[in-house]
Amino acid sequence: MKTILTGLRSNSMFTIGNYLGALLPMVRLAEKHSKDSHFNLFVPDLHSIISEVDGGDLQANIMRNIKFYLAAGLPLNENVHVYRQSHVSAHSEICWILNCTATMGELNRMTQYKDKSDGKSSVNVGIFDYPVLMAGDILLYDAEYVPVGEDQFQHIELTRNIAMRFNNKYGEVFKLPATTADQVKFMGLTEGVRIRDLQNPEKKMSKSTAAENSKIMLDDDPAKAAKKIMSATTDSLGKIKFDMWGQPGISNLLQIEAMVTDTPLQDVISTWAGETRYGDLKKKVASSVQQMLEEFQGKLAEISDDEVYSILETGEKYANEVANKKLYEVQKAVGLR
Ligand code: TYM
């Protein structure tokens, strides 16, 4: 059976960028394939502490975000596994071993590292090393597909490189995740997802952006979120066309509409081709986002802490079994066992 795996850091609230880039694709794939594939949706809580934790309460953030996984519609069956990274110690152990295969040069080239360290006088080692921990998260489970937003593609390619180098030196221990081009195809997309900042659509939507109108958070009041869409920056060209470089604001709205309504992007583009009234497009997207948030928040209210703990108990038992087996293979390959 294939393994499909992803994780979302839980040091803060999710934006709809996180939701549409990773969570929803994972849930939709699980709806389709979880009879014949394993789906690992985990909380990379060790990754969460590379930066500030909202409100200083990591446990509260973790609990809330696991509830988000469930509210997004994750089907719960014996092939779907939810776990916390820090509760599977093999993640930390394999990270060290992979650190001895990864190089400073390749980690230095990671754009996420450059962005996160830009302008800071002191940067913690975790920020530098987090792609190696991420590689371990993937390789421990032989994951083939890793639904992530486009900003994480470089880390998937890095994972492939580390695994290849390790296999060349120590033997065929790791299964390589699919190339990002194949991942995109598997998700039924034509390109990686990058939801843009509503006010500055050249940039990705990010939870760390200060301007409230730039981002939609999953706990936003749905009517207020609709207003944010209505005030999104567009352009003065007066034609609705998908062109991320020339018309990033309009293209962002088309992409959000496609993902929220689970419609192929090409169909949404065709529906609006030749239209000129940006207000009409905004109204449609605003109403789709509002409806999505209403449904999501409604489901969220029904999930109890007990349900989460019970899912974690089975998920972490499974994850420890699989990860420890792989870790042992790795330890043997390098001569530690
Ligand atoms: P993180 O927590 O920063 O983001 C979680 C997921 O959200 C996606 N994302 C977006 N997608 C589209 N448009 C956006 N504007 C946008 N903003 C965020 C991210 O691409 C990501 O998929 N290192 C990872 C977490 C991680 C992980 C892993 C993921 C740790 N180990 C193993 C997959 C497999 C991270 O920091 O994502």
# chains A, B, ... in the order shown; residues from 1 in each chain; ligands from 1
>>> residues_around(residues="Thr261 of chain A", least_positions_apart="5", cutoff="12 Å", atoms="only C-alpha atoms", output="number ranges by chain")
A: 20, 24, 254-256, 267-268, 284-292
>>> residues_near_ligand(ligand="ligand 1", cutoff="7 Å", atoms="only C-alpha atoms and all ligand atoms", output="ChimeraX atom specification")
/A:5-10,17-22,44,47,130-131,133-135,137-138,146-152,193-196,204-206
>>> write_last_selection(atoms="N, CA and C atoms", output="short mmCIF file (atom, residue, chain, number, x, y, z; two decimals), in the first residue's frame")
data_model
loop_
_atom_site.label_atom_id
_atom_site.label_comp_id
_atom_site.auth_asym_id
_atom_site.auth_seq_id
_atom_site.Cartn_x
_atom_site.Cartn_y
_atom_site.Cartn_z
N LEU A 5 1.33 11.40 2.96
CA LEU A 5 1.62 11.98 4.28
C LEU A 5 1.75 13.49 4.20
N THR A 6 1.21 14.17 5.18
CA THR A 6 1.54 15.59 5.31
C THR A 6 1.39 16.06 6.75
N GLY A 7 1.97 17.23 7.03
CA GLY A 7 1.87 17.82 8.36
C GLY A 7 1.78 19.33 8.26
N LEU A 8 1.12 19.94 9.24
CA LEU A 8 1.03 21.41 9.27
C LEU A 8 1.50 21.86 10.64
N ARG A 9 2.45 22.77 10.68
CA ARG A 9 2.96 23.24 11.96
C ARG A 9 1.82 23.84 12.76
N SER A 10 1.89 23.64 14.08
CA SER A 10 0.71 24.06 14.84
C SER A 10 1.07 25.07 15.91
N GLY A 17 -4.66 29.60 3.17
CA GLY A 17 -3.54 29.12 2.36
C GLY A 17 -3.12 27.73 2.84
N ASN A 18 -2.97 27.57 4.16
CA ASN A 18 -2.64 26.25 4.72
C ASN A 18 -3.74 25.24 4.37
N TYR A 19 -4.97 25.72 4.51
CA TYR A 19 -6.13 24.84 4.30
C TYR A 19 -6.19 24.36 2.85
N LEU A 20 -6.06 25.31 1.92
CA LEU A 20 -6.22 24.95 0.50
C LEU A 20 -4.95 24.33 -0.07
N GLY A 21 -3.79 24.70 0.50
CA GLY A 21 -2.53 24.18 -0.03
C GLY A 21 -2.24 22.77 0.43
N ALA A 22 -2.64 22.42 1.64
CA ALA A 22 -2.23 21.12 2.18
C ALA A 22 -3.39 20.30 2.77
N PRO A 44 3.53 18.34 13.14
CA PRO A 44 4.97 18.48 13.32
C PRO A 44 5.27 19.44 14.46
N HIS A 47 8.67 20.87 14.76
CA HIS A 47 8.85 21.99 13.82
C HIS A 47 8.20 23.26 14.35
N TYR A 130 15.43 22.57 9.85
CA TYR A 130 14.09 21.98 9.81
C TYR A 130 13.77 21.18 8.56
N PRO A 131 14.39 21.47 7.39
CA PRO A 131 14.11 20.60 6.24
C PRO A 131 14.64 19.18 6.42
N LEU A 133 14.72 17.54 9.39
CA LEU A 133 13.69 16.88 10.22
C LEU A 133 12.50 16.51 9.35
N MET A 134 12.16 17.40 8.42
CA MET A 134 11.03 17.14 7.51
C MET A 134 11.33 15.94 6.60
N ALA A 135 12.58 15.85 6.14
CA ALA A 135 12.95 14.71 5.30
C ALA A 135 12.74 13.41 6.09
N ASP A 137 10.62 12.94 8.54
CA ASP A 137 9.16 12.73 8.68
C ASP A 137 8.62 11.92 7.51
N ILE A 138 9.18 12.20 6.34
CA ILE A 138 8.67 11.59 5.10
C ILE A 138 9.29 10.19 4.91
N VAL A 146 3.24 13.62 -0.92
CA VAL A 146 3.28 14.53 0.22
C VAL A 146 2.56 15.83 -0.18
N PRO A 147 1.24 15.89 0.02
CA PRO A 147 0.52 17.10 -0.39
C PRO A 147 0.95 18.31 0.45
N VAL A 148 1.60 19.24 -0.21
CA VAL A 148 2.05 20.48 0.45
C VAL A 148 1.84 21.63 -0.53
N GLY A 149 1.85 22.85 -0.01
CA GLY A 149 1.80 24.02 -0.88
C GLY A 149 3.13 24.18 -1.61
N GLU A 150 3.11 25.04 -2.60
CA GLU A 150 4.27 25.19 -3.46
C GLU A 150 5.51 25.66 -2.69
N ASP A 151 5.31 26.40 -1.59
CA ASP A 151 6.47 26.89 -0.83
C ASP A 151 7.29 25.76 -0.21
N GLN A 152 6.70 24.55 -0.12
CA GLN A 152 7.43 23.43 0.47
C GLN A 152 8.04 22.50 -0.57
N VAL A 193 0.12 24.70 -5.43
CA VAL A 193 -0.81 25.72 -4.92
C VAL A 193 -0.05 26.77 -4.12
N ARG A 194 -0.28 28.02 -4.46
CA ARG A 194 0.28 29.14 -3.70
C ARG A 194 -0.82 30.18 -3.60
N ILE A 195 -1.54 30.16 -2.48
CA ILE A 195 -2.60 31.16 -2.28
C ILE A 195 -1.91 32.48 -1.92
N ARG A 196 -2.35 33.55 -2.57
CA ARG A 196 -1.65 34.83 -2.44
C ARG A 196 -2.26 35.71 -1.35
N LYS A 204 2.93 35.33 -1.09
CA LYS A 204 2.01 34.27 -0.65
C LYS A 204 1.25 34.71 0.60
N MET A 205 0.05 34.20 0.77
CA MET A 205 -0.70 34.49 1.99
C MET A 205 0.03 33.82 3.15
N SER A 206 0.30 34.60 4.19
CA SER A 206 1.08 34.04 5.29
C SER A 206 0.47 34.48 6.62
#
>>> residues_around(residues="Asp197 of chain A", least_positions_apart="5", cutoff="9 Å", atoms="only C-alpha atoms", output="PyMOL selection string")
chain A and resi 202-206+209+213-215+232+249+252
>>> closest_residue(among="A:Leu140, A:Ile50, A:Leu74, A:Leu237", to="Ser92 of chain A", atoms="only C-alpha atoms")
A:Leu140
>>> residues_around(residues="Ala319 of chain A", least_positions_apart="3", cutoff="12 Å", atoms="only C-alpha atoms", output="number ranges by chain")
A: 3, 5, 38-42, 79-91, 137-138, 140-141, 312-316, 322-327
>>> atom_distance(atom1="atom CA of Lys67 of chain A", atom2="atom CA of Ile303 of chain A")
6.5 Å
>>> residues_around(residues="Arg165 of chain A", least_positions_apart="4", cutoff="8 Å", atoms="only C-alpha atoms", output="PDB file with N, CA and C atoms, in the first residue's frame")
ATOM      1  N   THR A 101      24.148  13.258   6.456  1.00  0.00           N
ATOM      2  CA  THR A 101      24.122  13.054   5.001  1.00  0.00           C
ATOM      3  C   THR A 101      23.835  14.372   4.295  1.00  0.00           C
ATOM      4  N   ASN A 161      16.897  14.173  -2.607  1.00  0.00           N
ATOM      5  CA  ASN A 161      18.355  14.200  -2.745  1.00  0.00           C
ATOM      6  C   ASN A 161      19.050  13.530  -1.562  1.00  0.00           C
ATOM      7  N   LYS A 169      25.198   5.479  -0.547  1.00  0.00           N
ATOM      8  CA  LYS A 169      26.288   5.169   0.386  1.00  0.00           C
ATOM      9  C   LYS A 169      26.025   3.886   1.183  1.00  0.00           C
TER      10      LYS A 169
END
>>> residues_around(residues="Ile269 of chain A", least_positions_apart="2", cutoff="9 Å", atoms="only C-alpha atoms", output="VMD selection string")
chain A and resid 240 to 242 251 254 to 255 258 264 to 267 271 to 273
>>> write_last_selection(atoms="C-alpha atoms", output="tab-separated table (two decimals), in the first residue's frame")
chain	number	residue	atom	x	y	z
A	240	ILE	CA	-10.86	38.13	-16.07
A	241	LYS	CA	-7.96	35.96	-17.09
A	242	PHE	CA	-5.74	33.45	-15.30
A	251	SER	CA	-5.72	34.68	-10.72
A	254	LEU	CA	-9.92	32.11	-9.57
A	255	GLN	CA	-7.64	29.66	-7.80
A	258	ALA	CA	-11.61	26.41	-7.87
A	264	PRO	CA	-10.96	21.95	-11.81
A	265	LEU	CA	-9.18	25.28	-12.24
A	266	GLN	CA	-9.59	25.07	-16.03
A	267	ASP	CA	-13.39	24.90	-15.64
A	271	THR	CA	-16.62	29.99	-16.82
A	272	TRP	CA	-15.19	33.47	-16.31
A	273	ALA	CA	-13.35	33.83	-19.64
>>> atom_distance(atom1="atom CA of Glu144 of chain A", atom2="atom CA of Glu307 of chain A")
28.6 Å
>>> atom_distance(atom1="atom CA of His155 of chain A", atom2="atom CA of Lys207 of chain A")
19.7 Å
>>> select_by_dssp(residues="segment 176-266 of chain A", states="alpha helix (DSSP H)", output="PyMOL selection string")
chain A and resi 180-186+222-230+248-260+265-266
>>> select_by_dssp(residues="segment 65-217 of chain A", states="strand (DSSP E)", output="MDAnalysis selection string")
chainID A and resid 80:84
>>> decode(residues="segment 61-86 of chain A", atoms="N, CA, C and O atoms", output="short mmCIF file (atom, residue, chain, number, x, y, z; two decimals), in the first residue's frame")
data_model
loop_
_atom_site.label_atom_id
_atom_site.label_comp_id
_atom_site.auth_asym_id
_atom_site.auth_seq_id
_atom_site.Cartn_x
_atom_site.Cartn_y
_atom_site.Cartn_z
N ASN A 61 -2.68 24.93 20.96
CA ASN A 61 -2.60 25.04 19.50
C ASN A 61 -2.67 23.67 18.84
O ASN A 61 -3.33 23.49 17.81
N ILE A 62 -1.99 22.71 19.44
CA ILE A 62 -1.97 21.35 18.86
C ILE A 62 -3.39 20.76 18.86
O ILE A 62 -3.87 20.26 17.85
N MET A 63 -4.04 20.87 20.02
CA MET A 63 -5.40 20.31 20.12
C MET A 63 -6.33 20.95 19.11
O MET A 63 -7.07 20.28 18.41
N ARG A 64 -6.27 22.27 19.04
CA ARG A 64 -7.16 22.99 18.13
C ARG A 64 -6.91 22.57 16.68
O ARG A 64 -7.82 22.31 15.92
N ASN A 65 -5.62 22.44 16.34
CA ASN A 65 -5.33 22.16 14.94
C ASN A 65 -5.64 20.71 14.55
O ASN A 65 -5.99 20.45 13.41
N ILE A 66 -5.58 19.81 15.52
CA ILE A 66 -6.01 18.44 15.18
C ILE A 66 -7.53 18.45 14.96
O ILE A 66 -8.04 17.77 14.05
N LYS A 67 -8.22 19.25 15.73
CA LYS A 67 -9.67 19.37 15.49
C LYS A 67 -9.93 19.93 14.09
O LYS A 67 -10.89 19.56 13.43
N PHE A 68 -9.04 20.82 13.65
CA PHE A 68 -9.17 21.35 12.28
C PHE A 68 -9.05 20.24 11.25
O PHE A 68 -9.75 20.23 10.25
N TYR A 69 -8.11 19.30 11.50
CA TYR A 69 -7.95 18.19 10.56
C TYR A 69 -9.28 17.44 10.41
O TYR A 69 -9.69 17.08 9.32
N LEU A 70 -9.92 17.24 11.57
CA LEU A 70 -11.16 16.46 11.55
C LEU A 70 -12.30 17.28 10.93
O LEU A 70 -13.09 16.76 10.14
N ALA A 71 -12.33 18.56 11.27
CA ALA A 71 -13.41 19.42 10.73
C ALA A 71 -13.27 19.58 9.22
O ALA A 71 -14.26 19.82 8.52
N ALA A 72 -12.05 19.43 8.71
CA ALA A 72 -11.86 19.54 7.26
C ALA A 72 -12.45 18.32 6.54
O ALA A 72 -12.51 18.30 5.32
N GLY A 73 -12.85 17.31 7.32
CA GLY A 73 -13.55 16.17 6.72
C GLY A 73 -12.68 14.93 6.55
O GLY A 73 -13.02 14.04 5.77
N LEU A 74 -11.58 14.86 7.28
CA LEU A 74 -10.70 13.69 7.17
C LEU A 74 -11.51 12.42 7.48
O LEU A 74 -12.11 12.32 8.55
N PRO A 75 -11.57 11.47 6.53
CA PRO A 75 -12.34 10.26 6.84
C PRO A 75 -11.57 9.45 7.89
O PRO A 75 -10.35 9.37 7.82
N LEU A 76 -12.27 8.92 8.85
CA LEU A 76 -11.56 8.19 9.91
C LEU A 76 -11.78 6.70 9.70
O LEU A 76 -12.85 6.18 9.93
N ASN A 77 -10.76 6.03 9.22
CA ASN A 77 -10.84 4.57 9.12
C ASN A 77 -9.47 3.99 9.46
O ASN A 77 -8.55 4.75 9.80
N GLU A 78 -9.31 2.67 9.35
CA GLU A 78 -8.07 2.06 9.86
C GLU A 78 -6.83 2.45 9.06
O GLU A 78 -5.71 2.21 9.51
N ASN A 79 -6.99 3.07 7.89
CA ASN A 79 -5.82 3.48 7.11
C ASN A 79 -5.46 4.95 7.28
O ASN A 79 -4.54 5.44 6.64
N VAL A 80 -6.21 5.65 8.10
CA VAL A 80 -5.94 7.09 8.30
C VAL A 80 -5.34 7.25 9.70
O VAL A 80 -5.92 6.80 10.69
N HIS A 81 -4.15 7.86 9.75
CA HIS A 81 -3.40 7.91 11.01
C HIS A 81 -3.06 9.35 11.38
O HIS A 81 -2.46 10.06 10.59
N VAL A 82 -3.45 9.74 12.57
CA VAL A 82 -3.16 11.10 13.05
C VAL A 82 -2.23 10.97 14.26
O VAL A 82 -2.52 10.18 15.17
N TYR A 83 -1.11 11.68 14.23
CA TYR A 83 -0.16 11.56 15.36
C TYR A 83 0.65 12.83 15.53
O TYR A 83 0.69 13.68 14.64
N ARG A 84 1.26 12.95 16.71
CA ARG A 84 2.14 14.09 16.98
C ARG A 84 3.58 13.64 16.80
O ARG A 84 3.99 12.61 17.36
N GLN A 85 4.33 14.42 16.07
CA GLN A 85 5.73 14.09 15.77
C GLN A 85 6.54 13.82 17.04
O GLN A 85 7.32 12.88 17.11
N SER A 86 6.34 14.65 18.07
CA SER A 86 7.17 14.51 19.27
C SER A 86 6.82 13.25 20.06
O SER A 86 7.54 12.87 20.98
#
